[in-house]
file my_file.cif (mmCIF, C-alpha atoms and all ligand atoms)
data_start
loop_
_atom_site.label_atom_id
_atom_site.label_comp_id
_atom_site.auth_asym_id
_atom_site.auth_seq_id
_atom_site.Cartn_x
_atom_site.Cartn_y
_atom_site.Cartn_z
CA MET A 238 -14.47 71.89 -39.74
CA THR A 239 -13.45 75.53 -39.80
CA THR A 240 -12.48 76.95 -43.14
CA ASP A 241 -10.36 79.98 -42.62
CA ILE A 242 -11.02 82.30 -45.50
CA SER A 243 -10.00 85.23 -43.39
CA HIS A 244 -6.23 85.55 -43.71
CA GLY A 245 -4.93 88.97 -42.83
CA LEU A 246 -7.57 89.90 -40.29
CA SER A 247 -6.73 92.52 -37.75
CA ALA A 248 -5.62 91.59 -34.24
CA THR A 249 -8.30 91.00 -31.63
CA SER A 250 -8.71 92.62 -28.25
CA ALA A 251 -8.40 90.84 -24.89
CA SER A 252 -12.14 90.25 -24.80
CA VAL A 253 -14.36 89.23 -27.70
CA SER A 254 -14.67 92.43 -29.69
CA SER A 255 -17.98 94.28 -29.58
CA LYS A 256 -17.25 96.37 -32.67
CA VAL A 257 -20.31 97.13 -34.77
CA ASN A 258 -20.27 95.21 -38.04
CA ALA A 259 -20.77 97.15 -41.21
CA GLY A 260 -21.84 94.08 -43.16
CA GLU A 261 -25.38 93.09 -43.86
CA ILE A 262 -25.80 90.25 -46.33
CA THR A 263 -28.58 90.49 -48.89
CA VAL A 264 -29.53 87.53 -51.02
CA SER A 265 -31.67 88.66 -53.96
CA ASN A 266 -33.57 86.34 -56.28
CA VAL A 267 -30.83 83.74 -56.14
CA SER A 268 -31.15 80.48 -58.05
CA LYS A 269 -28.58 77.70 -58.24
CA SER A 270 -28.65 74.72 -60.56
CA TYR A 271 -26.24 71.86 -61.06
CA GLY A 272 -25.78 69.78 -64.18
CA ALA A 273 -26.89 70.60 -67.70
CA GLY A 274 -29.67 69.82 -70.16
CA LEU A 275 -31.93 66.98 -69.08
CA PHE A 276 -29.73 66.44 -66.03
CA THR A 277 -30.16 69.96 -64.65
CA LYS A 278 -31.14 70.02 -60.99
CA GLU A 279 -32.42 73.27 -59.53
CA VAL A 280 -31.41 73.33 -55.87
CA ILE A 281 -32.19 76.96 -54.99
CA LYS A 282 -34.98 78.86 -56.73
CA ASP A 283 -35.59 82.60 -56.65
CA CYS A 284 -34.47 82.82 -53.04
CA SER A 285 -34.34 86.18 -51.24
CA PHE A 286 -33.53 87.07 -47.65
CA THR A 287 -31.40 89.35 -45.51
CA ILE A 288 -28.87 88.46 -42.84
CA GLU A 289 -29.07 91.50 -40.60
CA CYS A 290 -26.06 93.05 -38.90
CA ASN A 291 -25.26 92.03 -35.35
CA LYS A 292 -28.02 89.46 -35.25
CA LEU A 293 -28.01 85.72 -35.07
CA THR A 294 -30.01 84.51 -38.03
CA VAL A 295 -30.83 80.82 -38.03
CA MET A 296 -31.98 78.95 -41.12
CA ILE A 297 -33.90 75.72 -40.69
CA GLY A 298 -35.21 73.50 -43.44
CA PRO A 299 -35.68 69.92 -44.54
CA SER A 300 -32.62 67.86 -45.32
CA GLY A 301 -31.56 68.37 -48.94
CA CYS A 302 -33.37 71.70 -49.39
CA GLY A 303 -30.17 73.51 -50.32
CA LYS A 304 -28.88 74.98 -47.04
CA SER A 305 -25.25 73.94 -47.53
CA THR A 306 -25.46 75.06 -51.13
CA LEU A 307 -26.52 78.51 -49.91
CA ILE A 308 -23.62 78.54 -47.48
CA ARG A 309 -21.16 77.81 -50.29
CA LEU A 310 -22.65 80.74 -52.20
CA LEU A 311 -22.40 83.07 -49.18
CA ALA A 312 -18.82 81.96 -48.58
CA GLY A 313 -18.04 82.68 -52.22
CA PHE A 314 -16.89 79.11 -52.95
CA GLU A 315 -19.52 78.91 -55.72
CA LYS A 316 -21.49 81.45 -57.74
CA PRO A 317 -25.29 81.67 -58.09
CA THR A 318 -26.73 80.70 -61.47
CA THR A 319 -28.87 83.84 -61.34
CA GLY A 320 -29.45 86.60 -58.79
CA ASP A 321 -26.91 88.26 -56.54
CA ILE A 322 -25.52 88.20 -53.03
CA LYS A 323 -24.10 91.34 -51.44
CA LEU A 324 -22.20 92.02 -48.25
CA GLY A 325 -22.42 95.61 -47.08
CA GLY A 326 -23.78 96.54 -50.51
CA LYS A 327 -20.85 94.99 -52.42
CA PRO A 328 -21.28 91.83 -54.49
CA ILE A 329 -19.68 88.67 -53.09
CA THR A 330 -17.46 87.44 -55.89
CA GLY A 331 -15.31 84.91 -54.03
CA PRO A 332 -14.02 83.93 -50.59
CA GLY A 333 -13.07 86.89 -48.44
CA ARG A 334 -11.45 87.57 -45.11
CA ASP A 335 -14.66 89.21 -43.91
CA ARG A 336 -16.48 85.82 -43.75
CA LEU A 337 -15.52 82.70 -41.85
CA VAL A 338 -17.27 79.37 -42.27
CA VAL A 339 -17.49 76.67 -39.61
CA PHE A 340 -18.59 73.31 -40.96
CA GLN A 341 -19.84 70.22 -39.20
CA GLU A 342 -16.65 68.23 -39.58
CA SER A 343 -13.78 69.07 -37.27
CA ALA A 344 -10.75 70.55 -38.96
CA LEU A 345 -8.56 70.86 -35.88
CA PHE A 346 -4.99 69.92 -36.69
CA PRO A 347 -4.36 66.66 -34.80
CA TRP A 348 -0.67 67.44 -34.35
CA MET A 349 -1.39 70.75 -32.58
CA THR A 350 -2.57 71.25 -29.00
CA THR A 351 -5.88 72.99 -28.32
CA TYR A 352 -4.03 76.25 -27.66
CA GLU A 353 -1.92 75.93 -30.81
CA ASN A 354 -5.02 75.22 -32.87
CA ILE A 355 -6.69 78.36 -31.54
CA MET A 356 -3.57 80.42 -32.23
CA TYR A 357 -3.28 78.99 -35.75
CA GLY A 358 -4.98 81.94 -37.51
CA PRO A 359 -3.04 84.73 -35.76
CA ARG A 360 0.26 82.84 -36.16
CA ALA A 361 -0.39 82.20 -39.86
CA ARG A 362 -0.71 85.97 -40.23
CA GLY A 363 2.49 86.58 -38.26
CA GLU A 364 0.49 87.98 -35.33
CA ASP A 365 1.72 85.91 -32.39
CA THR A 366 1.29 88.99 -30.19
CA GLN A 367 0.64 89.25 -26.46
CA GLU A 368 -2.80 90.62 -27.31
CA ASN A 369 -3.66 87.52 -29.34
CA ARG A 370 -2.19 85.18 -26.74
CA ASP A 371 -4.39 86.87 -24.13
CA GLN A 372 -7.35 86.50 -26.45
CA ALA A 373 -6.61 82.77 -26.89
CA ASP A 374 -6.51 82.36 -23.09
CA TYR A 375 -9.73 84.29 -22.77
CA LEU A 376 -11.50 82.18 -25.39
CA LEU A 377 -10.18 78.95 -23.86
CA GLU A 378 -11.80 80.01 -20.61
CA LYS A 379 -15.05 81.05 -22.33
CA VAL A 380 -15.43 77.63 -23.94
CA GLY A 381 -14.41 75.77 -20.79
CA LEU A 382 -11.15 74.34 -22.12
CA THR A 383 -8.50 76.03 -19.99
CA ALA A 384 -7.58 72.71 -18.39
CA PHE A 385 -7.28 71.14 -21.85
CA ARG A 386 -5.05 73.76 -23.50
CA LYS A 387 -2.15 71.32 -23.85
CA LYS A 388 -4.21 68.35 -25.01
CA TYR A 389 -4.33 67.19 -28.62
CA PRO A 390 -7.67 66.83 -30.50
CA PRO A 391 -7.84 63.01 -30.16
CA GLN A 392 -7.66 63.52 -26.38
CA LEU A 393 -10.79 65.73 -26.45
CA SER A 394 -14.43 64.63 -26.57
CA GLY A 395 -16.53 65.51 -29.64
CA GLY A 396 -18.14 68.43 -27.79
CA MET A 397 -14.78 69.77 -26.64
CA GLN A 398 -13.49 69.63 -30.20
CA ARG A 399 -16.45 71.71 -31.39
CA ARG A 400 -15.82 74.24 -28.64
CA ALA A 401 -12.16 74.46 -29.63
CA GLU A 402 -13.35 74.93 -33.21
CA LEU A 403 -15.55 77.85 -32.18
CA ALA A 404 -12.69 79.50 -30.30
CA ARG A 405 -10.40 78.95 -33.29
CA ALA A 406 -12.90 80.71 -35.53
CA MET A 407 -13.70 83.56 -33.15
CA ILE A 408 -10.12 84.61 -32.52
CA ASN A 409 -10.02 85.77 -36.14
CA ASN A 410 -12.80 88.24 -35.41
CA PRO A 411 -14.56 87.93 -38.80
CA GLU A 412 -17.24 90.39 -39.76
CA VAL A 413 -19.65 87.51 -40.40
CA MET A 414 -19.58 84.00 -38.93
CA ILE A 415 -21.32 81.37 -41.04
CA LEU A 416 -21.99 77.99 -39.40
CA ASP A 417 -23.28 74.90 -41.19
CA GLU A 418 -24.74 72.49 -38.61
CA PRO A 419 -21.65 72.69 -36.41
CA PHE A 420 -23.18 70.54 -33.64
CA ARG A 421 -24.74 67.85 -35.84
CA GLY A 422 -23.99 64.37 -34.59
CA LEU A 423 -23.35 65.35 -30.96
CA ASP A 424 -25.41 63.62 -28.27
CA CYS A 425 -28.29 65.62 -26.71
CA MET A 426 -26.48 66.71 -23.57
CA SER A 427 -23.32 67.81 -25.39
CA LYS A 428 -25.49 69.68 -27.86
CA GLU A 429 -27.35 71.58 -25.15
CA LEU A 430 -24.07 72.50 -23.52
CA MET A 431 -22.78 73.72 -26.90
CA TRP A 432 -25.86 75.91 -27.36
CA GLU A 433 -25.16 77.70 -24.08
CA TYR A 434 -21.46 78.17 -24.87
CA TYR A 435 -22.16 79.37 -28.37
CA ALA A 436 -25.05 81.67 -27.32
CA GLY A 437 -22.77 83.15 -24.63
CA LEU A 438 -20.03 83.88 -27.17
CA TYR A 439 -22.53 85.43 -29.55
CA GLU A 440 -24.17 87.52 -26.84
CA GLU A 441 -20.81 88.97 -25.93
CA SER A 442 -19.60 89.74 -29.44
CA ARG A 443 -22.92 90.44 -31.19
CA ARG A 444 -21.21 89.95 -34.52
CA THR A 445 -23.32 88.95 -37.49
CA ASN A 446 -23.93 85.19 -37.35
CA PHE A 447 -25.67 82.93 -39.84
CA PHE A 448 -26.35 79.46 -38.45
CA VAL A 449 -27.87 76.58 -40.39
CA THR A 450 -29.54 73.64 -38.68
CA THR A 451 -32.17 70.93 -39.00
CA ASP A 452 -32.81 70.91 -35.22
CA ILE A 453 -35.84 72.95 -34.18
CA ASP A 454 -34.86 73.31 -30.50
CA GLU A 455 -31.37 74.44 -31.46
CA ALA A 456 -32.87 76.95 -33.89
CA ILE A 457 -35.23 78.49 -31.33
CA PHE A 458 -32.73 78.53 -28.51
CA LEU A 459 -30.15 80.41 -30.59
CA ALA A 460 -32.04 82.62 -33.02
CA ASP A 461 -32.84 86.29 -33.09
CA ARG A 462 -34.50 85.61 -36.45
CA LEU A 463 -35.56 82.28 -37.82
CA LEU A 464 -35.74 81.64 -41.56
CA ILE A 465 -37.85 78.64 -42.54
CA MET A 466 -36.83 77.02 -45.81
CA SER A 467 -39.12 75.32 -48.27
CA ASN A 468 -38.59 71.90 -49.67
CA VAL A 469 -36.07 71.71 -52.54
CA PRO A 470 -35.68 73.87 -54.66
CA GLY A 471 -34.97 75.99 -51.59
CA GLN A 472 -36.63 79.30 -50.87
CA VAL A 473 -37.25 81.17 -47.63
CA ARG A 474 -40.87 80.40 -46.82
CA ALA A 475 -41.23 82.45 -43.65
CA THR A 476 -39.30 84.60 -41.21
CA ILE A 477 -40.05 84.48 -37.50
CA GLU A 478 -38.63 87.03 -35.05
CA VAL A 479 -37.58 85.05 -31.97
CA ASP A 480 -38.04 87.78 -29.39
CA LEU A 481 -36.91 85.75 -26.38
CA PRO A 482 -34.78 87.56 -23.79
CA ARG A 483 -31.00 87.17 -23.63
CA PRO A 484 -28.88 85.79 -22.14
CA ARG A 485 -30.55 82.57 -23.20
CA ARG A 486 -30.66 79.82 -20.62
CA LEU A 487 -32.03 76.35 -21.27
CA ALA A 488 -34.01 76.38 -18.05
CA PHE A 489 -36.25 79.28 -19.01
CA VAL A 490 -36.23 79.22 -22.82
CA PHE A 491 -38.02 75.91 -23.10
CA ASP A 492 -40.45 76.76 -20.31
CA SER A 493 -41.58 79.94 -21.98
CA GLU A 494 -44.89 80.18 -23.80
CA ARG A 495 -43.31 82.29 -26.53
CA ALA A 496 -40.69 79.62 -27.30
CA ASN A 497 -43.43 77.01 -27.57
CA ALA A 498 -45.54 79.24 -29.82
CA VAL A 499 -42.56 79.81 -32.14
CA LYS A 500 -41.84 76.10 -32.14
CA MET A 501 -45.39 75.17 -33.08
CA GLU A 502 -45.47 77.79 -35.85
CA ALA A 503 -42.13 76.63 -37.26
CA LEU A 504 -43.04 72.95 -36.97
CA SER A 505 -46.29 73.45 -38.75
CA LEU A 506 -44.51 75.15 -41.70
CA LEU A 507 -41.83 72.45 -41.74
CA HIS A 508 -44.52 69.80 -41.61
CA GLU A 509 -46.15 71.26 -44.71
CA GLU A 510 -42.79 71.16 -46.49
CA ALA A 511 -42.15 67.60 -45.34
CA MET A 512 -45.59 66.59 -46.63
CA LYS A 513 -44.67 67.91 -50.08
CA SER A 514 -41.46 65.94 -50.02
CA PHE A 515 -43.32 62.92 -48.57
CA THR A 516 -45.64 62.89 -51.55
CA GLY A 517 -42.44 63.00 -53.60
CA GLY A 518 -41.36 59.76 -51.89
CA SER A 519 -38.64 60.92 -49.43
CA LYS A 520 -37.93 58.49 -46.54
CA ALA A 521 -36.64 61.32 -44.30
CA ALA A 522 -39.86 63.23 -44.89
CA ALA A 523 -41.96 60.16 -44.12
CA ASP A 524 -40.13 59.75 -40.80
CA PHE A 525 -40.69 63.41 -39.96
CA VAL A 526 -44.41 63.25 -40.77
CA GLU A 527 -44.81 60.16 -38.60
CA ALA A 528 -42.89 61.68 -35.65
CA TYR A 529 -44.82 64.95 -35.97
CA SER A 530 -48.18 63.17 -36.01
CA ARG A 531 -47.24 61.20 -32.88
CA ARG A 532 -46.18 64.42 -31.16
CA SER A 533 -49.44 66.21 -32.13
CA SER A 534 -51.69 63.41 -30.90
CA LYS A 535 -49.73 63.24 -27.63
CA ALA A 536 -50.15 67.01 -27.17
CA GLU A 537 -53.90 66.75 -27.81
CA ALA A 538 -54.25 63.84 -25.38
CA GLY A 539 -52.22 65.56 -22.65
N1 LIG B 1 -22.22 69.87 -56.63
C1 LIG B 1 -23.44 69.35 -56.75
N2 LIG B 1 -23.84 68.74 -57.86
C2 LIG B 1 -25.08 68.23 -58.01
N3 LIG B 1 -26.01 68.27 -57.04
C3 LIG B 1 -25.67 68.86 -55.89
C4 LIG B 1 -24.38 69.44 -55.67
N4 LIG B 1 -24.35 69.96 -54.41
C5 LIG B 1 -25.57 69.72 -53.88
N5 LIG B 1 -26.35 69.06 -54.76
C6 LIG B 1 -27.74 68.64 -54.53
O1 LIG B 1 -28.43 69.74 -54.01
C7 LIG B 1 -29.40 69.34 -53.06
C8 LIG B 1 -29.23 70.18 -51.81
O2 LIG B 1 -28.00 69.82 -51.18
P1 LIG B 1 -27.50 70.57 -49.86
O3 LIG B 1 -26.29 69.84 -49.40
O4 LIG B 1 -27.36 72.02 -50.13
O5 LIG B 1 -28.73 70.32 -48.88
P2 LIG B 1 -28.85 70.62 -47.31
O6 LIG B 1 -30.11 71.41 -47.12
O7 LIG B 1 -27.61 71.21 -46.80
O8 LIG B 1 -29.08 69.16 -46.71
P3 LIG B 1 -28.66 68.59 -45.25
O9 LIG B 1 -29.63 69.18 -44.26
O10 LIG B 1 -28.86 67.12 -45.39
O11 LIG B 1 -27.24 68.97 -44.99
C9 LIG B 1 -29.20 67.85 -52.84
O12 LIG B 1 -30.19 67.17 -53.57
C10 LIG B 1 -27.84 67.58 -53.42
O13 LIG B 1 -27.77 66.29 -53.95
MG MG B 2 -26.16 70.59 -45.39
#

call {"tool": "encode", "arguments": {"input": "my_file.cif", "output": "structure tokens"}}
result
Amino acid sequence: MTTDISHGLSATSASVSSKVNAGEITVSNVSKSYGAGLFTKEVIKDCSFTIECNKLTVMIGPSGCGKSTLIRLLAGFEKPTTGDIKLGGKPITGPGRDRLVVFQESALFPWMTTYENIMYGPRARGEDTQENRDQADYLLEKVGLTAFRKKYPPQLSGGMQRRAELARAMINNPEVMILDEPFRGLDCMSKELMWEYYAGLYEESRRTNFFVTTDIDEAIFLADRLLIMSNVPGQVRATIEVDLPRPRRLAFVFDSERANAVKMEALSLLHEEAMKSFTGGSKAAADFVEAYSRRSSKAEAG
């Protein structure tokens, strides 16, 4: 689902804009609790990190550690209980046209064609200009949907819908794109295809992107910087610079020693977090620990 909180954005150029973003997001000592009294649940605790300009920052963490909660805080849908979040040095006090959030669920309008869905943002702002129409055509081509421009969402596969969703977000040219597991639920092959499309779009625009996932391969393939979250209450446990060359291609990323080293480092931290949650009785954590142990013994044997 794409939530357009970016009404009134300026028109885009005929290629994905490469303008340098002014906005860096800083999250400082943020905590977030729900409920009151005995029923208070602390979901985020004293969490600090930076989303650097013009980089793709990926956050990975166990299910339920507070990633979507953080996204709602960054989007300005909710406020932190304590601490502050700033964009370009100014506090985030609510939704703004400088941030655009893409959620997992599709929010394409079923009564609009792919092209009309992509043009929704510019048209809503009264900007049905030749420049924006060219940009829509360009994005359709970039996400491989030119032949599907006149099709309606139910006529598209799940992967195609996600690609249309990305194009619909990018035409608005937000300063910061925030994505909450946008490819969750897709089959492996569609997912891998999505990674290449999305990485390609990012590499061209180099706008500030914050991408949340629970998939380690997705995280490594996409990230410039990887933030590893703790178990709930969520905190950033470690930051790993993923210094793999771009453009990213599946064929070489997963063959590289560096990618494997990053993966092992990240998995070992995630394993520690899963163990904590396992001792707390989580079924998801138990599954992860079991799968990880099988993987480690296979690696040792082979
Ligand atoms: N509005 C709310 N009221 C009470 N508890 C909430 C609320 N929103 C989230 N939570 C709790 O906060 C915790 C973190 O939820 P959140 O959705 O942020 O996790 P997540 O890391 O995004 O998980 P997943 O990877 O499964 O999407 C969960 O235990 C959830 O039940
Ligand atoms: Mg979530």

call {"tool": "closest_residue", "arguments": {"input": "my_file.cif", "among": "A:Gly325, A:Gly331, A:Pro470, A:Pro299", "to": "Val413 (chain A)", "atoms": "only C-alpha atoms"}}
result
A:Gly325

call {"tool": "residues_near_ligand", "arguments": {"input": "my_file.cif", "ligand": "ligand LIG 1 (chain B)", "cutoff": "10 Å", "atoms": "only C-alpha atoms and all ligand atoms", "output": "ChimeraX atom specification"}}
result
/A:269-272,276-281,296-309,315,341,417-418,421,449-452,466-471,521

call {"tool": "atom_distance", "arguments": {"input": "my_file.cif", "atom1": "CA of Leu324 (chain A)", "atom2": "CA of Glu364 (chain A)"}}
result
26.4 Å

call {"tool": "residues_around", "arguments": {"input": "my_file.cif", "residues": "Ala460 (chain A)", "least_positions_apart": "4", "cutoff": "7 Å", "atoms": "all atoms listed in the file", "output": "list in words"}}
result
Leu293, Thr294, Val295, Ala456 and Val479 of chain A

call {"tool": "atom_distance", "arguments": {"input": "my_file.cif", "atom1": "CA of Gly358 (chain A)", "atom2": "CA of Asn409 (chain A)"}}
result
6.5 Å

call {"tool": "residues_around", "arguments": {"input": "my_file.cif", "residues": "Val267 (chain A)", "least_positions_apart": "4", "cutoff": "10 Å", "atoms": "only C-alpha atoms", "output": "list in words"}}
result
Ile281, Lys282, Asp283, Cys284, Ser285, Phe286, Leu307, Leu310, Lys316, Pro317, Thr318, Thr319, Gly320, Asp321, Ile322, Gly471 and Gln472 of chain A

call {"tool": "write_last_selection", "arguments": {"input": "my_file.cif", "atoms": "C-alpha atoms", "output": "mmCIF file, keeping the file's coordinate frame"}}
result
data_model
loop_
_atom_site.group_PDB
_atom_site.id
_atom_site.type_symbol
_atom_site.label_atom_id
_atom_site.label_comp_id
_atom_site.auth_asym_id
_atom_site.auth_seq_id
_atom_site.Cartn_x
_atom_site.Cartn_y
_atom_site.Cartn_z
ATOM 1 C CA ILE A 281 -32.190 76.960 -54.990
ATOM 2 C CA LYS A 282 -34.980 78.860 -56.730
ATOM 3 C CA ASP A 283 -35.590 82.600 -56.650
ATOM 4 C CA CYS A 284 -34.470 82.820 -53.040
ATOM 5 C CA SER A 285 -34.340 86.180 -51.240
ATOM 6 C CA PHE A 286 -33.530 87.070 -47.650
ATOM 7 C CA LEU A 307 -26.520 78.510 -49.910
ATOM 8 C CA LEU A 310 -22.650 80.740 -52.200
ATOM 9 C CA LYS A 316 -21.490 81.450 -57.740
ATOM 10 C CA PRO A 317 -25.290 81.670 -58.090
ATOM 11 C CA THR A 318 -26.730 80.700 -61.470
ATOM 12 C CA THR A 319 -28.870 83.840 -61.340
ATOM 13 C CA GLY A 320 -29.450 86.600 -58.790
ATOM 14 C CA ASP A 321 -26.910 88.260 -56.540
ATOM 15 C CA ILE A 322 -25.520 88.200 -53.030
ATOM 16 C CA GLY A 471 -34.970 75.990 -51.590
ATOM 17 C CA GLN A 472 -36.630 79.300 -50.870
#

call {"tool": "atom_distance", "arguments": {"input": "my_file.cif", "atom1": "CA of Val499 (chain A)", "atom2": "CA of Ala312 (chain A)"}}
result
29.0 Å

call {"tool": "closest_residue", "arguments": {"input": "my_file.cif", "among": "A:Phe340, A:Pro359, A:Arg486, A:Leu464", "to": "ligand MG 2 (chain B)", "atoms": "all atoms listed in the file"}}
result
A:Phe340

call {"tool": "residues_around", "arguments": {"input": "my_file.cif", "residues": "region 375-381 of chain A", "least_positions_apart": "5", "cutoff": "10 Å", "atoms": "all atoms listed in the file", "output": "ChimeraX atom specification"}}
result
/A:251-253,351-352,355,369-370,386,397,399-405,407-408,431,433-435,437-438

call {"tool": "residues_around", "arguments": {"input": "my_file.cif", "residues": "Trp348 (chain A)", "least_positions_apart": "2", "cutoff": "10 Å", "atoms": "all atoms listed in the file", "output": "NGL selection string"}}
result
:A and (345-346 or 350-351 or 353-354 or 389-391)

call {"tool": "closest_residue", "arguments": {"input": "my_file.cif", "among": "A:Arg495, A:Thr445, A:Arg485, A:Glu412", "to": "Leu430 (chain A)", "atoms": "only C-alpha atoms"}}
result
A:Arg485

call {"tool": "closest_residue", "arguments": {"input": "my_file.cif", "among": "A:Asn291, A:Ser442, A:Ser343, A:Ser427", "to": "Arg462 (chain A)", "atoms": "all atoms listed in the file"}}
result
A:Asn291

call {"tool": "closest_residue", "arguments": {"input": "my_file.cif", "among": "A:Glu342, A:Glu478, A:Glu441, A:Asp492", "to": "ligand MG 2 (chain B)", "atoms": "all atoms listed in the file"}}
result
A:Glu342

call {"tool": "closest_residue", "arguments": {"input": "my_file.cif", "among": "A:Phe385, A:Phe491, A:Phe448, A:Phe525", "to": "ligand MG 2 (chain B)", "atoms": "only C-alpha atoms and all ligand atoms"}}
result
A:Phe448
